[in-house]
Amino acid sequence: MQLTFHNLNQLWSYVLTETLKRLGLNCAVICPGSRSTPLTFAFVKQTPDIEAISILDERSAAFFALGQAKATGKPVVLVCTSGTAGANFYPAVIEAKESCVPLLILTTDRPAELRECHSGQTIDQVKLYGNYPNWQTELATPVAEMEMLNYLRQTVIYAWERCQFPNGGTVHLNIPFRDPLAPIPDGIDFTLDVEDFFSGIVSTPLPTTNYQLPITHHQKGIIIAGVAQTKQPQEYCRAIAQLSQSLQWPVLAEGLSPLRNYADLNPYLISTYDIILRNQQLAEELAPEMVIQVGEMPTSKELRNWLIATKPQRWIIDSCDQNLDPLHGKTTHLRTSIEYLKTENWKPGNRDLEYLQKWCNLEVNIRKNIDDNFQNMEELIESKAAWLISQNLPPKTPLFIANSMPVRDVEFFWKPNKLKIKPYFNRGANGIDGTLSTALGVAHHQKSSVMLTGDLSLLHDTNGFLIRNKFIGHLTIILINNNGGGIFGMLPIAKFDPPFEEFFATPQDIDFAQLCVTYGVQHEFISSWNDLQERLNPLPNTGIRILEIKTNRKRDAIWRKENLGKFAVDIKI
């Protein structure tokens, strides 16, 4: 097939978007603007197989794209006009870097002759995101020459690869366009042999190398399954279970790991480690000699301090090229995925089964203490929400967990289950930027989804509700409204008021029911735990719904301080 072009920018934009389509791009998020006209037209009219989504707010658009990339495991494209528009992508660029999520950002720009001369809506966009992208460059100004089109095609292929390998992240292409920006004839007459030009483009395959775990002698050891958003969660959980059973080691599984939602695969799963390690005697008796950490370190400060104090030899298994050891311990990184480890020829030596049994017995007893406490609790205490949700969502529900207290309550109290729930989160930079927009991106075109958030995280991203008319699917937002930042109540500064309430807790006194009316979003008050349970299964099929649970922030903080350590006080091993 041959195509003839009479507009230079449309020729250039077609080559770019068609290359991405053949590489496997499914979604492009486009923010409105003039300088990006050629790319917008190409995505919408020339490559209709790519879903083009128009989102007004650039910051919200970037986090929506981030959520889509998390949910699909594939790069998502972001497009914007020149000037400060691209600067609003920055928080999501940082999150993509820190959480290894593939984003391809296309910022359009004025040509060189219109820069540094106050031509309007022009800033220095080259290396706009500093050192955060995996790779970044500025494309040449469009030219209707085959050599330059070849250059463009290959540069786009390389950009696609670099936002995925060796680990996911952002690639930034700055793209200058001269007028005319609209698809009107501008004097060129260029014919492209489409099939010949694009022949040979294939998606980059994943590595398939098998690795042998380089450990030959074992005594007291544990496996730590950290924060993970994996494309194949069942295979991931099975690989860790196989390693655990080969070594006869317990698996301390972070609440943001898929392991807690595939609990039937692993008989040695420990979910209560943070509470166990608050008991000083137990922490000393359970000190390991060796640790295998799969993925990133869990959120738990108790676990981190314990590892610092006990100083075990550690192996970190993860395919990314980043340093995943914030503790700077005796650590060896194995740059591979857990699924590619070979354990069938491993010789374990003398297994310490008594050590394993201690961990398992503690898990049973402390889990019973937690369950008994929450089953008898009628008061609306924030921490119970995570425990209740873990047992009542429909199988395979996507769940976005906001930062601050929600992720910590999930780590403390998320009950192991076999519901195959799919947890999503922004734990790369651990901020509250773009919480709602990311959750909507996760839920778009997916199974009916749920988001667990506090009031400040939601308020920080209410622009995300502007996506509602573009959103396809359903999102239930479980809003813990304690009127402020509950996490700060866990810190020593909480004892100093002033300035604590005004400058740390920062209560906003927002009427969320009225806010929902403004945005046309459904809102319900939850007055009991039975109310919440009844609304979790089944979930609606379409729209956005807020289920608001009002709690007392100071009472929540007191409850945690009184109970987190108490659950393990009378436990013996």
# chains A, B, ... in the order shown; residues from 1 in each chain; ligands from 1
>>> select_by_dssp(residues="stretch 156-298 of chain A", states="strand (DSSP E or B)", output="JSON, numbers by chain")
{"A": [170, 171, 172, 173, 174, 175, 176, 190, 191, 192, 193, 211, 212, 221, 222, 223, 224, 225, 251, 252, 253, 269, 270, 290, 291, 292, 293, 294]}
>>> residues_around(residues="A:Ile338", least_positions_apart="3", cutoff="8 Å", atoms="only C-alpha atoms", output="compact mmCIF listing (two decimals) with all heavy atoms, in the first residue's frame")
# COMPACT_ATOMS: atom_id res chain seq x y z
N TYR A 236 4.31 -15.52 39.46
CA TYR A 236 5.22 -14.88 40.42
C TYR A 236 5.07 -15.52 41.80
O TYR A 236 6.06 -15.88 42.46
CB TYR A 236 4.89 -13.39 40.46
CG TYR A 236 5.64 -12.57 41.47
CD1 TYR A 236 6.88 -12.03 41.16
CD2 TYR A 236 5.08 -12.28 42.72
CE1 TYR A 236 7.57 -11.24 42.08
CE2 TYR A 236 5.75 -11.49 43.65
CZ TYR A 236 6.98 -10.97 43.32
OH TYR A 236 7.66 -10.18 44.22
N ALA A 239 6.45 -19.06 41.90
CA ALA A 239 7.91 -19.10 41.91
C ALA A 239 8.44 -18.86 43.32
O ALA A 239 9.38 -19.54 43.77
CB ALA A 239 8.47 -18.06 40.94
N ILE A 240 7.84 -17.92 44.04
CA ILE A 240 8.28 -17.67 45.41
C ILE A 240 7.91 -18.85 46.31
O ILE A 240 8.68 -19.25 47.19
CB ILE A 240 7.66 -16.35 45.93
CG1 ILE A 240 8.24 -15.17 45.15
CG2 ILE A 240 7.92 -16.19 47.43
CD1 ILE A 240 7.67 -13.83 45.55
N VAL A 294 12.86 -10.44 47.59
CA VAL A 294 12.36 -10.44 46.22
C VAL A 294 11.69 -9.09 45.96
O VAL A 294 10.67 -8.77 46.58
CB VAL A 294 11.36 -11.59 45.99
CG1 VAL A 294 10.92 -11.61 44.53
CG2 VAL A 294 11.99 -12.93 46.38
N ILE A 317 16.67 -10.19 44.75
CA ILE A 317 16.35 -10.73 43.43
C ILE A 317 15.38 -9.78 42.74
O ILE A 317 14.24 -9.62 43.16
CB ILE A 317 15.72 -12.13 43.55
CG1 ILE A 317 16.68 -13.08 44.26
CG2 ILE A 317 15.36 -12.67 42.17
CD1 ILE A 317 16.07 -14.42 44.59
N ASP A 318 15.86 -9.13 41.69
CA ASP A 318 15.02 -8.24 40.90
C ASP A 318 15.75 -7.94 39.60
O ASP A 318 16.98 -7.77 39.60
CB ASP A 318 14.72 -6.94 41.66
CG ASP A 318 13.55 -6.18 41.04
OD1 ASP A 318 13.76 -5.50 40.03
OD2 ASP A 318 12.44 -6.30 41.58
N LEU A 341 14.57 -18.14 38.25
CA LEU A 341 15.50 -18.87 39.11
C LEU A 341 15.31 -20.37 38.97
O LEU A 341 14.19 -20.85 38.85
CB LEU A 341 15.29 -18.47 40.56
CG LEU A 341 15.87 -17.13 41.01
CD1 LEU A 341 15.51 -16.89 42.46
CD2 LEU A 341 17.37 -17.10 40.84
>>> closest_residue(among="A:Thr108, A:Gln322, A:Gln280, A:Asn9", to="A:Gly169", atoms="only C-alpha atoms")
A:Gln322
>>> residues_around(residues="A:Ser244", least_positions_apart="5", cutoff="8 Å", atoms="only C-alpha atoms", output="tab-separated table (two decimals) with N, CA, C and O atoms, in the first residue's frame")
chain	number	residue	atom	x	y	z
A	223	ILE	N	12.49	-15.39	53.54
A	223	ILE	CA	12.28	-14.74	52.24
A	223	ILE	C	11.38	-13.54	52.49
A	223	ILE	O	10.36	-13.65	53.18
A	249	TRP	N	11.83	-22.11	54.18
A	249	TRP	CA	11.93	-20.78	54.79
A	249	TRP	C	10.56	-20.10	54.76
A	249	TRP	O	9.80	-20.24	53.80
A	250	PRO	N	10.24	-19.32	55.81
A	250	PRO	CA	9.00	-18.55	55.79
A	250	PRO	C	9.10	-17.39	54.80
A	250	PRO	O	10.19	-16.89	54.51
A	251	VAL	N	7.94	-16.94	54.32
A	251	VAL	CA	7.88	-15.80	53.39
A	251	VAL	C	7.15	-14.66	54.07
A	251	VAL	O	5.94	-14.74	54.32
A	266	ASN	N	1.01	-20.76	49.07
A	266	ASN	CA	2.21	-20.74	49.91
A	266	ASN	C	1.87	-21.06	51.37
A	266	ASN	O	1.28	-20.23	52.07
A	268	TYR	N	3.78	-21.26	53.87
A	268	TYR	CA	4.67	-20.62	54.85
A	268	TYR	C	4.58	-19.09	54.80
A	268	TYR	O	5.53	-18.39	55.10
>>> residues_around(residues="stretch 381-395 of chain A", least_positions_apart="5", cutoff="7 Å", atoms="only C-alpha atoms", output="list in words")
Phe374, Asp409, Val410, Phe413, Trp414, Lys415, Asn417, Leu419, Lys420, Ile421, Ile480, Gln533, Leu536, Asn537, Pro538, Thr551 and Asp556 of chain A
>>> write_last_selection(atoms="N, CA and C atoms", output="PDB file, in the first residue's frame")
ATOM      1  N   PHE A 374     -11.175  -7.394  65.264  1.00  0.00           N
ATOM      2  CA  PHE A 374     -11.953  -6.695  64.250  1.00  0.00           C
ATOM      3  C   PHE A 374     -13.380  -7.247  64.113  1.00  0.00           C
ATOM      4  N   ASP A 409      -1.998   0.464  56.734  1.00  0.00           N
ATOM      5  CA  ASP A 409      -3.036  -0.416  57.273  1.00  0.00           C
ATOM      6  C   ASP A 409      -3.145  -1.705  56.458  1.00  0.00           C
ATOM      7  N   VAL A 410      -2.906  -1.620  55.150  1.00  0.00           N
ATOM      8  CA  VAL A 410      -2.884  -2.830  54.327  1.00  0.00           C
ATOM      9  C   VAL A 410      -1.734  -3.725  54.751  1.00  0.00           C
ATOM     10  N   PHE A 413      -2.747  -5.164  58.336  1.00  0.00           N
ATOM     11  CA  PHE A 413      -3.970  -5.905  58.599  1.00  0.00           C
ATOM     12  C   PHE A 413      -4.578  -6.648  57.406  1.00  0.00           C
ATOM     13  N   TRP A 414      -4.039  -6.491  56.204  1.00  0.00           N
ATOM     14  CA  TRP A 414      -4.620  -7.185  55.042  1.00  0.00           C
ATOM     15  C   TRP A 414      -4.549  -8.688  55.264  1.00  0.00           C
ATOM     16  N   LYS A 415      -5.703  -9.339  55.299  1.00  0.00           N
ATOM     17  CA  LYS A 415      -5.757 -10.756  55.629  1.00  0.00           C
ATOM     18  C   LYS A 415      -5.451 -11.599  54.396  1.00  0.00           C
ATOM     19  N   ASN A 417      -5.671 -14.250  51.571  1.00  0.00           N
ATOM     20  CA  ASN A 417      -6.885 -14.778  50.962  1.00  0.00           C
ATOM     21  C   ASN A 417      -6.523 -15.457  49.652  1.00  0.00           C
ATOM     22  N   LEU A 419      -8.441 -14.698  46.778  1.00  0.00           N
ATOM     23  CA  LEU A 419      -9.355 -13.991  45.887  1.00  0.00           C
ATOM     24  C   LEU A 419      -8.656 -13.427  44.647  1.00  0.00           C
ATOM     25  N   LYS A 420      -7.343 -13.522  44.581  1.00  0.00           N
ATOM     26  CA  LYS A 420      -6.571 -13.036  43.424  1.00  0.00           C
ATOM     27  C   LYS A 420      -6.824 -11.553  43.139  1.00  0.00           C
ATOM     28  N   ILE A 421      -7.034 -10.792  44.207  1.00  0.00           N
ATOM     29  CA  ILE A 421      -7.194  -9.346  44.084  1.00  0.00           C
ATOM     30  C   ILE A 421      -5.909  -8.764  43.499  1.00  0.00           C
ATOM     31  N   ILE A 480     -11.768   7.194  53.517  1.00  0.00           N
ATOM     32  CA  ILE A 480     -11.626   7.308  54.968  1.00  0.00           C
ATOM     33  C   ILE A 480     -11.455   8.793  55.274  1.00  0.00           C
ATOM     34  N   GLN A 533     -19.710  -3.592  53.848  1.00  0.00           N
ATOM     35  CA  GLN A 533     -19.613  -4.955  53.334  1.00  0.00           C
ATOM     36  C   GLN A 533     -20.664  -5.225  52.256  1.00  0.00           C
ATOM     37  N   LEU A 536     -19.679  -3.851  48.701  1.00  0.00           N
ATOM     38  CA  LEU A 536     -18.439  -4.274  48.055  1.00  0.00           C
ATOM     39  C   LEU A 536     -18.617  -5.426  47.081  1.00  0.00           C
ATOM     40  N   ASN A 537     -19.682  -6.171  47.224  1.00  0.00           N
ATOM     41  CA  ASN A 537     -19.857  -7.343  46.361  1.00  0.00           C
ATOM     42  C   ASN A 537     -21.350  -7.640  46.210  1.00  0.00           C
ATOM     43  N   PRO A 538     -21.912  -7.447  44.997  1.00  0.00           N
ATOM     44  CA  PRO A 538     -21.203  -7.102  43.764  1.00  0.00           C
ATOM     45  C   PRO A 538     -20.950  -5.596  43.664  1.00  0.00           C
ATOM     46  N   THR A 551     -14.299   8.949  60.271  1.00  0.00           N
ATOM     47  CA  THR A 551     -13.664   8.451  61.488  1.00  0.00           C
ATOM     48  C   THR A 551     -13.059   9.624  62.248  1.00  0.00           C
ATOM     49  N   ASP A 556      -8.308   7.226  65.883  1.00  0.00           N
ATOM     50  CA  ASP A 556      -7.597   6.256  65.035  1.00  0.00           C
ATOM     51  C   ASP A 556      -6.145   6.111  65.485  1.00  0.00           C
TER      52      ASP A 556
END
>>> closest_residue(among="A:Ile316, A:Ala69, A:Leu128, A:Leu8", to="A:Leu334", atoms="only C-alpha atoms")
A:Ile316
>>> closest_residue(among="A:Asn430, A:Gln242, A:Asn261, A:Thr4", to="A:Thr299", atoms="only C-alpha atoms")
A:Asn430
>>> select_by_dssp(residues="stretch 34-170 of chain A", states="alpha helix (DSSP H)", output="ChimeraX atom specification")
/A:37-41,58-72,90-99,146-162
>>> residues_around(residues="stretch 303-314 of chain A", least_positions_apart="5", cutoff="6 Å", atoms="only C-alpha atoms", output="list in words")
Glu289, Met290, Val291, Ile292, Lys330 and Thr331 of chain A
>>> write_last_selection(atoms="all heavy atoms", output="CSV table (one decimal), in the first residue's frame")
chain,number,residue,atom,x,y,z
A,289,GLU,N,20.0,-15.5,59.8
A,289,GLU,CA,21.4,-15.4,59.3
A,289,GLU,C,21.4,-15.0,57.9
A,289,GLU,O,22.4,-14.5,57.4
A,289,GLU,CB,22.0,-16.8,59.6
A,289,GLU,CG,22.1,-17.1,61.0
A,289,GLU,CD,22.6,-18.6,61.3
A,289,GLU,OE1,22.4,-19.4,60.3
A,289,GLU,OE2,23.1,-18.9,62.4
A,290,MET,N,20.4,-15.3,57.1
A,290,MET,CA,20.4,-15.0,55.7
A,290,MET,C,19.0,-14.6,55.3
A,290,MET,O,18.0,-15.2,55.8
A,290,MET,CB,20.8,-16.3,54.9
A,290,MET,CG,21.1,-16.0,53.4
A,290,MET,SD,22.0,-17.3,52.6
A,290,MET,CE,23.6,-17.2,53.4
A,291,VAL,N,18.9,-13.7,54.3
A,291,VAL,CA,17.6,-13.2,53.8
A,291,VAL,C,17.6,-13.1,52.3
A,291,VAL,O,18.6,-12.7,51.7
A,291,VAL,CB,17.3,-11.8,54.4
A,291,VAL,CG1,16.1,-11.2,53.7
A,291,VAL,CG2,17.2,-11.8,55.9
A,292,ILE,N,16.6,-13.6,51.7
A,292,ILE,CA,16.4,-13.4,50.3
A,292,ILE,C,15.2,-12.4,50.1
A,292,ILE,O,14.1,-12.7,50.5
A,292,ILE,CB,16.1,-14.7,49.5
A,292,ILE,CG1,17.2,-15.7,49.6
A,292,ILE,CG2,15.7,-14.5,48.1
A,292,ILE,CD1,16.9,-17.1,49.0
A,330,LYS,N,24.8,-6.0,54.0
A,330,LYS,CA,25.6,-7.0,53.3
A,330,LYS,C,24.8,-7.7,52.2
A,330,LYS,O,24.2,-8.7,52.4
A,330,LYS,CB,26.1,-8.0,54.3
A,330,LYS,CG,27.0,-7.5,55.4
A,330,LYS,CD,27.5,-8.5,56.4
A,330,LYS,CE,26.3,-9.1,57.2
A,330,LYS,NZ,26.7,-10.1,58.2
A,331,THR,N,24.7,-7.0,51.1
A,331,THR,CA,23.7,-7.3,50.1
A,331,THR,C,24.4,-7.7,48.8
A,331,THR,O,25.3,-7.0,48.3
A,331,THR,CB,22.7,-6.2,49.9
A,331,THR,OG1,22.2,-5.9,51.2
A,331,THR,CG2,21.7,-6.5,48.9
>>> residues_around(residues="A:Trp12", least_positions_apart="5", cutoff="12 Å", atoms="only C-alpha atoms", output="VMD selection string")
chain A and resid 5 to 7 17 to 19 38 to 39 41 to 42 46 139 to 146 148 to 153 156 175 to 178 181 183 190 192
>>> residues_around(residues="stretch 468-477 of chain A", least_positions_apart="5", cutoff="8 Å", atoms="only C-alpha atoms", output="PyMOL selection string")
chain A and resi 53-55+439-440+443-453+539-547
>>> atom_distance(atom1="atom CA of A:Ile30", atom2="atom CA of A:Thr518")
24.6 Å
>>> closest_residue(among="A:Pro185, A:Gly441, A:Gly464, A:Gly83", to="A:Ala28", atoms="only C-alpha atoms")
A:Gly441
>>> closest_residue(among="A:Ser337, A:Ile157, A:Asn134, A:Thr438", to="A:His172", atoms="only C-alpha atoms")
A:Asn134
>>> atom_distance(atom1="atom CA of A:Thr191", atom2="atom CA of A:Gln2")
6.5 Å
>>> closest_residue(among="A:Ala112, A:Ile478, A:Ala253, A:Ile493", to="A:Phe400", atoms="only C-alpha atoms")
A:Ile478
>>> atom_distance(atom1="atom CA of A:Gly221", atom2="atom CA of A:Pro288")
5.2 Å
